[in-house]
Amino acid sequence: MIIKLVATATYAAFTLSVLKNCPHAVHVFDHFHVVKLINDKLDEIPRLQYAMEKGINKRGILKGDPLPVAEKW
């Protein structure tokens with residue numbers, strides 16, 4: 001029997017096993033894990049923007065504060 005397609009989760013152990021045991025098969029990842037990885041990376045963007053921003057007024061805006069800190073006082 002020739003295995004043409006293998007679908008697994010995104011774990012490294014599964015990938016290595018497919019490469020070792022079915023080197024000619026097409027390896028695809030299941031939809032759930034692909035979407036989860038994409039969402040995790042998209043969630044990092046606001047955190048990175050906040051960490052990169054030095055000005056306290058802009059940090060407040062990034063957190064959703066409608067008025068910058070300096071204008072409140």
# chains A, B, ... in the order shown; residues from 1 in each chain; ligands from 1
$ residues_around --residues "segment 5-7 of chain A" --least-positions-apart "3" --cutoff "8 Å" --atoms "only C-alpha atoms" --output "PyMOL selection string"
chain A and resi 18+25-30
$ closest_residue --among "A:Met1, A:Ala9, A:Thr15, A:Met52" --to "Lys36 of chain A" --atoms "only C-alpha atoms"
A:Ala9
$ atom_distance --atom1 "atom CA of Val34 of chain A" --atom2 "atom CA of Thr10 of chain A"
7.6 Å
$ select_by_dssp --residues "segment 13-53 of chain A" --states "helix (DSSP H, G or I)" --output "JSON, numbers by chain"
{"A": [13, 14, 15, 16, 17, 18, 19, 20, 21, 31, 32, 33, 34, 35, 36, 37, 38, 39, 40, 41, 42, 43, 44, 45, 46, 47, 48, 49, 50, 51, 52]}
$ atom_distance --atom1 "atom CA of Tyr11 of chain A" --atom2 "atom CA of Glu44 of chain A"
20.7 Å
$ atom_distance --atom1 "atom CA of Ile3 of chain A" --atom2 "atom CA of Ser17 of chain A"
13.4 Å
